[in-house]
Structure formats: C-alpha cells, structure tokens
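S.K.: Here you go, upload_12.cif (mmCIF, C-alpha atoms):
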data_work
loop_
_atom_site.label_atom_id
_atom_site.label_comp_id
_atom_site.auth_asym_id
_atom_site.auth_seq_id
_atom_site.Cartn_x
_atom_site.Cartn_y
_atom_site.Cartn_z
CA MET A 1 0.00 0.00 0.00
CA ALA A 2 1.09 3.59 -0.60
CA ILE A 3 2.29 5.17 2.63
CA ALA A 4 1.00 8.61 1.55
CA ASP A 5 -0.56 10.45 -1.38
CA GLY A 6 1.75 10.91 -4.34
CA LYS A 7 2.54 10.52 -8.02
CA VAL A 8 4.14 7.58 -9.83
CA ILE A 9 7.45 8.76 -11.32
CA GLY A 10 9.00 5.40 -12.21
CA LYS A 11 8.15 1.77 -12.99
CA ASN A 12 10.49 -0.88 -14.33
CA LYS A 13 11.86 -4.37 -14.03
CA TYR A 14 13.78 -5.07 -10.84
CA PHE A 15 15.82 -8.24 -10.19
CA GLY A 16 13.77 -10.93 -11.89
CA ALA A 17 11.65 -11.36 -14.99
CA ASN A 18 8.43 -11.36 -13.01
CA ASP A 19 8.99 -8.51 -10.56
CA VAL A 20 8.94 -4.71 -10.92
CA TYR A 21 9.43 -1.62 -8.82
CA VAL A 22 7.22 1.45 -8.52
CA SER A 23 8.71 4.83 -7.55
CA ILE A 24 6.34 7.39 -6.01
CA LEU A 25 7.02 11.04 -5.20
CA HIS A 26 5.18 11.66 -1.94
CA ASN A 27 4.19 15.19 -0.85
CA LEU A 28 2.98 15.35 2.76
CA PRO A 29 0.57 17.99 4.13
CA ASP A 30 3.23 19.18 6.61
CA GLY A 31 5.59 20.17 3.77
CA ARG A 32 7.82 17.11 3.67
CA LYS A 33 8.67 15.54 0.34
CA PHE A 34 10.41 12.26 -0.46
CA ILE A 35 10.54 9.44 -2.99
CA ALA A 36 9.55 5.94 -1.93
CA LYS A 37 10.62 3.05 -4.10
CA TYR A 38 8.47 -0.07 -3.68
CA CYS A 39 10.50 -2.92 -5.16
CA GLU A 40 10.07 -6.60 -5.96
CA LEU A 41 6.36 -6.40 -6.63
CA ALA A 42 4.73 -9.08 -8.77
CA LYS A 43 4.64 -7.69 -12.32
CA SER A 44 1.20 -9.13 -13.02
CA SER A 45 -0.28 -7.38 -9.97
CA VAL A 46 0.83 -3.82 -10.77
CA SER A 47 -1.51 -1.79 -12.98
CA LEU A 48 -0.09 1.65 -12.18
CA GLU A 49 1.80 3.62 -14.81
CA VAL A 50 4.12 6.62 -14.67
CA GLY A 51 2.07 9.78 -14.15
CA ASN A 52 -0.71 8.11 -12.16
CA GLN A 53 -1.75 9.73 -8.89
CA VAL A 54 -2.04 7.47 -5.85
CA ARG A 55 -3.79 7.88 -2.54
CA GLN A 56 -2.61 6.87 0.90
CA LYS A 57 -3.42 3.17 1.60
CA GLN A 58 -4.00 2.47 -2.11
CA GLU A 59 -2.83 -1.00 -3.08
CA LEU A 60 0.16 -0.79 -5.42
CA GLY A 61 0.60 -4.49 -6.06
CA LYS A 62 1.47 -7.77 -4.42
CA THR A 63 4.89 -8.94 -3.31
CA ALA A 64 6.67 -11.08 -5.86
CA HIS A 65 7.55 -14.72 -5.29
CA LEU A 66 11.34 -14.82 -5.02
CA GLY A 67 11.49 -18.58 -5.34
CA VAL A 68 14.19 -20.82 -3.92
CA SER A 69 17.11 -19.88 -6.15
CA ALA A 70 20.69 -20.22 -4.99
CA TYR A 71 20.71 -16.49 -4.18
CA ASN A 72 17.60 -16.70 -2.04
CA ARG A 73 18.72 -19.87 -0.26
CA LYS A 74 21.54 -17.77 1.17
CA VAL A 75 18.85 -15.76 2.92
CA LYS A 76 16.77 -18.64 4.25
CA LYS A 77 17.28 -22.24 3.20
CA THR A 78 14.33 -24.22 1.83
CA TYR A 79 11.83 -21.38 2.34
CA SER A 80 9.78 -19.94 -0.50
CA LEU A 81 10.31 -16.18 -0.14
CA TYR A 82 8.16 -13.11 -0.71
CA MET A 83 9.48 -9.63 0.09
CA CYS A 84 8.80 -5.94 -0.45
CA HIS A 85 12.11 -4.13 -0.94
CA PHE A 86 11.58 -0.55 0.31
CA GLU A 87 13.82 2.48 -0.33
CA ILE A 88 13.48 6.16 0.62
CA TYR A 89 15.16 9.16 -1.07
CA ASP A 90 14.99 12.65 0.45
CA CYS A 91 14.86 14.47 -2.95
CA SER A 92 18.07 16.41 -2.29
CA ALA A 93 19.43 14.96 -5.56
CA GLY A 94 16.25 15.59 -7.53
CA GLU A 95 12.62 14.58 -7.84
CA ASP A 96 13.10 12.25 -10.80
CA ASN A 97 13.09 8.46 -10.61
CA PRO A 98 16.19 7.22 -8.69
CA ILE A 99 17.75 4.40 -10.73
CA TYR A 100 20.38 1.77 -9.96
CA MET A 101 23.88 3.30 -10.03
CA GLY A 102 26.59 0.68 -10.38
CA ASN A 103 29.35 3.27 -9.95
CA ASN A 104 28.19 4.54 -6.56
CA PRO A 105 29.18 2.03 -3.85
CA PRO A 106 28.41 0.69 -1.35
CA TYR A 107 24.67 0.57 -2.10
CA MET A 108 24.79 1.43 -5.81
CA ARG A 109 22.07 4.00 -5.24
CA ARG A 110 21.65 7.73 -5.69
CA LYS A 111 23.34 9.85 -3.02
CA ASP A 112 20.06 10.99 -1.42
CA LEU A 113 19.18 7.44 -0.30
CA ILE A 114 18.34 7.60 3.42
CA ASP A 115 17.56 5.14 6.19
CA PRO A 116 13.77 4.53 5.98
CA LEU A 117 13.44 3.49 9.64
CA SER A 118 12.14 6.86 10.87
CA ILE A 119 9.42 6.89 8.19
CA LEU A 120 8.42 3.33 9.06
CA GLU A 121 8.35 4.14 12.78
CA GLU A 122 6.20 7.20 12.12
CA GLY A 123 3.78 5.04 10.15
CA TYR A 124 3.69 2.52 12.97
CA ARG A 125 2.95 5.22 15.55
CA ASN A 126 0.20 6.71 13.40
CA THR A 127 -1.38 3.27 13.01
CA PHE A 128 -0.83 1.53 16.33
CA GLY A 129 0.26 4.23 18.78
CA GLU A 130 3.58 5.10 20.35
CA ILE A 131 6.53 2.72 20.15
CA GLY A 132 7.81 1.73 23.58
CA ASP A 133 7.39 -0.64 26.47
CA GLY A 134 3.95 0.65 27.37
CA ASN A 135 5.28 2.63 30.33
CA ASP A 136 6.34 5.79 28.49
CA HIS A 137 4.88 8.90 30.14
CA LEU A 138 3.26 11.30 27.71
CA PHE A 139 2.29 14.81 28.79
CA THR A 140 -1.37 15.72 28.39
CA ILE A 141 -3.47 18.81 27.75
CA ASN A 142 -4.45 18.76 31.41
CA ASP A 143 -0.77 18.81 32.42
CA GLY A 144 -0.49 22.12 30.58
CA LYS A 145 -3.60 23.50 32.24
CA GLU A 146 -2.52 22.50 35.75
CA ALA A 147 0.97 23.93 35.21
CA LEU A 148 -0.59 27.26 34.22
CA ARG A 149 -2.86 27.13 37.27
CA GLU A 150 0.11 26.71 39.63
CA LEU A 151 2.09 29.45 37.88
CA TYR A 152 -0.88 31.83 37.89
CA ASN A 153 -1.24 31.47 41.65
CA GLU A 154 2.48 32.12 42.00
CA TYR A 155 2.68 35.20 39.75
CA LYS A 156 -0.80 36.77 39.90
CA ASN A 157 0.32 39.57 42.22
CA SER A 158 3.57 40.32 40.38
CA THR A 159 4.07 43.35 38.12
CA TRP A 160 6.85 44.69 35.90
CA ASN A 161 7.38 47.85 33.86
CA TRP A 162 8.34 46.79 30.34
CA LYS A 163 7.98 47.81 26.73
CA TRP A 164 5.41 45.11 26.16
CA ASN A 165 3.85 43.47 23.15
CA GLY A 166 5.07 46.04 20.63
CA SER A 167 4.58 49.16 22.76
CA ASP A 168 7.08 52.02 22.35
CA THR A 169 6.86 53.05 25.99
CA GLU A 170 6.95 51.13 29.24
CA VAL A 171 3.65 49.82 30.56
CA GLN A 172 2.74 47.86 33.64
CA VAL A 173 2.70 44.14 32.92
CA THR A 174 0.91 41.85 35.37
CA GLY A 175 1.52 38.23 36.19
CA LYS A 176 -1.66 37.41 34.31
CA ASP A 177 -0.31 39.22 31.22
CA LEU A 178 2.89 37.20 31.44
CA LEU A 179 1.10 33.85 31.83
CA THR A 180 -1.27 34.74 28.99
CA ILE A 181 1.71 35.11 26.66
CA VAL A 182 3.27 31.88 27.92
CA GLU A 183 0.04 29.97 27.27
CA LYS A 184 -0.24 31.44 23.77
CA MET A 185 3.39 30.60 23.01
CA TYR A 186 2.78 27.02 24.09
CA ARG A 187 -0.43 26.78 22.08
CA LEU A 188 1.34 28.01 18.95
CA GLU A 189 4.36 25.74 19.36
CA THR A 190 2.53 22.58 20.48
CA THR A 191 -0.66 22.75 18.39
CA HIS A 192 -2.65 23.55 21.52
CA PHE A 193 -0.88 21.00 23.72
CA THR A 194 -1.41 18.09 21.32
CA SER A 195 1.83 17.77 19.32
CA LYS A 196 4.03 14.71 19.71
CA GLN A 197 6.95 16.93 20.66
CA TYR A 198 4.92 18.38 23.55
CA LYS A 199 3.70 14.96 24.66
CA HIS A 200 7.23 13.58 24.82
CA CYS A 201 9.15 16.66 25.95
CA GLY A 202 6.80 18.93 27.91
CA THR A 203 8.19 21.94 26.05
CA GLY A 204 7.33 24.17 23.15
CA GLY A 205 9.95 24.36 20.42
CA MET A 206 13.15 23.83 22.43
CA GLU A 207 15.32 22.39 19.69
CA VAL A 208 18.72 20.91 20.55
CA PHE A 209 21.61 23.00 19.22
CA GLY A 210 24.35 22.19 21.71
CA SER A 211 25.69 19.44 23.92
CA ALA A 212 24.36 18.03 27.19
CA PRO A 213 23.42 18.90 29.85
CA HIS A 214 21.72 22.09 28.58
CA TYR A 215 21.73 21.37 24.82
CA GLY A 216 22.65 24.92 23.83
CA TRP A 217 20.10 26.69 26.03
CA ASP A 218 20.86 29.06 28.93
CA GLY A 219 21.52 26.80 31.90
CA SER A 220 20.72 29.58 34.38
CA LEU A 221 17.08 29.65 33.24
CA TYR A 222 16.32 26.00 33.92
CA THR A 223 14.52 25.21 37.17
CA GLU A 224 14.82 21.47 36.44
CA GLU A 225 17.61 19.91 34.42
CA PRO A 226 16.79 18.30 31.05
CA ILE A 227 16.40 14.54 31.17
CA GLY A 228 17.48 13.89 27.58
CA THR A 229 16.34 14.49 24.02
CA TRP A 230 13.64 13.23 21.68
CA SER A 231 13.71 13.19 17.87
CA SER A 232 10.99 13.64 15.29
CA PHE A 233 10.17 15.35 12.03
CA GLU A 234 8.91 18.86 12.71
CA ASN A 235 5.80 20.61 11.47
CA ALA A 236 5.94 23.70 9.29
CA GLY A 237 5.07 26.12 12.13
CA LEU A 238 6.01 29.67 11.11
CA SER A 239 8.68 28.52 8.66
CA GLY A 240 8.98 31.11 5.90
CA GLN A 241 7.60 33.86 8.15
CA GLY A 242 10.80 34.59 10.02
CA GLY A 243 11.02 31.39 12.05
CA ASN A 244 13.53 28.61 11.56
CA ALA A 245 13.15 26.94 8.18
CA GLN A 246 11.32 23.62 8.38
CA VAL A 247 13.68 20.69 7.86
CA THR A 248 11.91 17.98 5.86
CA ASN A 249 14.62 15.42 5.11
CA LYS A 250 15.73 14.45 8.61
CA GLN A 251 14.49 14.39 12.15
CA LYS A 252 15.19 17.19 14.61
CA GLU A 253 16.17 16.73 18.24
CA PHE A 254 14.24 18.45 21.01
CA VAL A 255 15.04 18.96 24.70
CA GLN A 256 13.09 16.74 27.10
CA LEU A 257 12.18 18.15 30.51
CA PRO A 258 10.76 16.24 33.49
CA SER A 259 7.58 18.33 33.64
CA VAL A 260 5.49 20.82 31.67
CA ILE A 261 5.82 23.40 34.41
CA SER A 262 9.61 23.35 34.10
CA GLY A 263 9.26 24.14 30.40
CA MET A 264 6.91 27.02 31.19
CA ARG A 265 9.22 28.30 33.92
CA TYR A 266 12.04 28.41 31.39
CA LYS A 267 9.92 30.65 29.16
CA ILE A 268 8.97 32.87 32.11
CA ASN A 269 12.60 33.25 33.18
CA TYR A 270 13.59 33.98 29.59
CA ILE A 271 10.98 36.73 29.24
CA ILE A 272 11.94 38.28 32.59
CA LYS A 273 15.65 38.16 31.71
CA TYR A 274 14.99 40.12 28.51
CA ASN A 275 12.65 42.66 30.17
CA GLY A 276 9.43 41.44 28.61
CA ASN A 277 10.83 40.90 25.13
CA PHE A 278 9.03 37.59 24.52
CA GLU A 279 9.34 38.14 20.75
CA ARG A 280 13.07 37.43 21.10
CA TRP A 281 12.15 33.77 21.60
CA PHE A 282 11.09 33.74 17.94
CA SER A 283 13.76 36.03 16.47
CA LYS A 284 16.63 37.82 18.20
CA THR A 285 17.06 40.60 15.63
CA ASP A 286 14.46 40.55 12.84
CA GLU A 287 11.74 43.08 13.73
CA THR A 288 9.54 41.99 10.82
CA ALA A 289 9.62 38.43 12.13
CA ARG A 290 8.88 39.66 15.64
CA SER A 291 5.89 41.61 14.38
CA THR A 292 4.58 38.48 12.65
CA TYR A 293 5.01 36.56 15.89
CA ARG A 294 3.11 39.17 17.93
CA THR A 295 0.28 39.22 15.40
CA THR A 296 0.06 35.43 15.40
CA LEU A 297 -0.07 35.26 19.21
CA ARG A 298 -2.78 37.92 19.36
CA GLY A 299 -4.99 35.65 17.29
CA ILE A 300 -4.69 32.78 19.79
CA ARG A 301 -7.11 32.57 22.69
CA ASP A 302 -5.68 31.96 26.18
CA ARG A 303 -8.48 29.61 27.23
CA PHE A 304 -6.80 28.24 30.34
CA ILE A 305 -5.71 31.55 31.86
CA GLN A 306 -9.14 33.05 31.17
CA GLU A 307 -10.77 30.13 32.98
CA ILE A 308 -8.26 30.10 35.85
CA SER A 309 -8.44 33.86 36.42
CA GLY A 310 -12.21 33.97 36.08
CA ASN A 311 -12.33 36.21 33.01
#
Written as structure tokens, how would this file's structure read?
M.R.:
Amino acid sequence: MAIADGKVIGKNKYFGANDVYVSILHNLPDGRKFIAKYCELAKSSVSLEVGNQVRQKQELGKTAHLGVSAYNRKVKKTYSLYMCHFEIYDCSAGEDNPIYMGNNPPYMRRKDLIDPLSILEEGYRNTFGEIGDGNDHLFTINDGKEALRELYNEYKNSTWNWKWNGSDTEVQVTGKDLLTIVEKMYRLETTHFTSKQYKHCGTGGMEVFGSAPHYGWDGSLYTEEPIGTWSSFENAGLSGQGGNAQVTNKQKEFVQLPSVISGMRYKINYIIKYNGNFERWFSKTDETARSTYRTTLRGIRDRFIQEISGN
C-alpha cells in the first residue's frame, strides 16, 4: 500500500523477470517531500503507470515470489520467499526516478538514499500508537492546564514595567499578562498542547543546538535539568515567516524536561531576563519576524488563563 498520497514517477523491471518496482514522489501535508521506491512487486499485480496519482493506503501491487534460487537460499534455506524491498530518497538529488547506479558504492544508489526506519516508525505510531514498552509517560493537555494554574497562583500579584507586546513606551505588565503570553506561546508551538513533541518533551519548540546537559540553552534559566532528548520530524510552524526553516529530510532533536511546568518556567525566566521581550524567543534581531510573531499570538485565545483567572 502507498504510505502517503503521491505521483508515480517510475516503474520498471527489478531483479527478476516477473517482478517490478514502482517509484512514487510523496508530498505530505506538513511540507515534507520524499521518494519511496516499492520494489520486488509481482509484475502481473501492478496496474499503475508513470504519471498516475495514488492515494494513501492504495494497493500498489502484491509482493513477488522470489522462489528458492541459490541467491535466495543464502537468505533462508528451503523457504519460498516473498518480500517488499523498500527504499526512501529525500529528494536532495532531484525529484526524478532514482535508478540503480553501479558506480556509486556501497549501495549502488543515488546519493540521497536515506535510512527509511524513521518513516516506518512514524507510520507505525500513526497506526498503532507510540513505540515503547507501554510505560512511556506522555504529557497531556491537562498537564499544561494545571501547570498554568500553579504558575498563575504564584505570579498573579507580580508586576513589571516593560515595553510590552510592541509598545514604544513602558507599561505595567501583570503576572496574568505574562502567563497569557506563555500559554499562547505554548499553544502556537505545540498545536494547543497536542503535538508529539509536547507529549514527549513537555516543552514548546526547544530544539537541541548544543551538547548536554543544557543542549545549547541558557543553563541559568532551567529550574529542572533536562532529562534527555527526543527526535521527530517537525511541522511547518512559522517557517517562511521569520522562524527557523522547516527541515523535511531528517528528524530534529528536542530537549526533554521532566515536567510541563519546568518548560513554562524556562519561558517565564527567559521573558523576565529580557525585560518582557518575549518576541526574542522567535527572532533575536528581525523586527519583521517579531511583528509576525506578535500578530500570530494575538490571534490565539488563552483559554486556560481566562478560565483560571475567572475572566
């Protein structure tokens, strides 16, 4: 079956007279693009042709019978073998059909061949749930709400004088104002507390860009030390609007914290350190990008803080 929507860009004989491969250029809704090569399919079972569009879960063909030749007996003696040979290319060398390249050892493939394991694991998670021993703790929407409740009670009587939210002059900023921004930042960066990165890490957008123990972030702002990292493909977010460009051909690493509240405290300490300049979290120097960030946050409702504060 096709692992995603796409277009057939190649079809040809593979190893034997009765098997073929089908190459499909997949374009995902989150902006990722890659070529999947489905090999050693029974020739008689494949009706697709180059140029055809395919849909996710569409049957492409049936696995070919590999027989019990001398080659296959090296794999498993006396067994009659069927196999789908699966390859992934990240399109960095082009979006055309990747063909066998006898002069490119060790795999004799185009240079943008990548390990397909992360794609297969993502498909498994989307189908069956998270991979693990069943004891993995995943943060929930309620964890975010309760963290904000505790922080609101801690900061509700605090005030600061800052140039706030695009103002040219200093204004009084309350603890509620601060927590409202933190909630909105989290909602933007975690798809309203539902993203896989949030569930595994308890943070919003804390990408690894340095070594342990702080992974490139300011160690003085942590209230709890990171417990490790977690890797995944990232969503588009505000890529192209001043934010970091979305990386589509490899997974990114994110900082894992022991609790959601420790991730929120990091944001609070960051904002206080930079005198209310929460836009700096998005871009340190680009005012156009900061303006985009402010506008985006203004369009997000702080549902939890409104409920917790009573208005």
S.K.: Counting all atoms listed in the file, find the residues whose atoms lie at most 12 Å from (25.7, 19.4, 23.4) (file coordinates) and write them out as a list in words.
M.R.: Glu207, Val208, Phe209, Gly210, Ser211, Ala212, Pro213, His214, Tyr215, Gly216, Trp217, Pro226, Gly228, Thr229, Glu253, Phe254 and Val255 of chain A
S.K.: For atom CA of Thr63 of chain A and atom CA of Cys84 of chain A, quote the distance in Å rounded to one decimal.
M.R.: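 Separation of atom CA of Thr63 of chain A and atom CA of Cys84 of chain A: 5.7 Å.
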S.K.: Just so the selection is clear, what residues does the PyMOL selection byres ((chain A and resi 36) around 7) cover here, as number ranges by chain?
M.R.: A: 23-25, 34-35, 37-38, 87-89
S.K.: List the residues matched by the PyMOL selection byres ((chain A and resi 268-272) around 10) in the displayed structure as a PyMOL selection string, ordered by chain and then by residue number.
M.R.: chain A and resi 151+160+162+178-179+181-182+218+220-223+262-267+273-281
S.K.: Between atom CA of Asn27 of chain A and atom CA of Ala42 of chain A, what is the distance, to one decimal in Å?
M.R.: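 Computing it gives 25.5 Å between the two atoms.
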S.K.: Could you jot down the atom CA of Cys201 of chain A to atom CA of Asp143 of chain A separation for me, Å, one decimal place?
M.R.: 12.0 Å
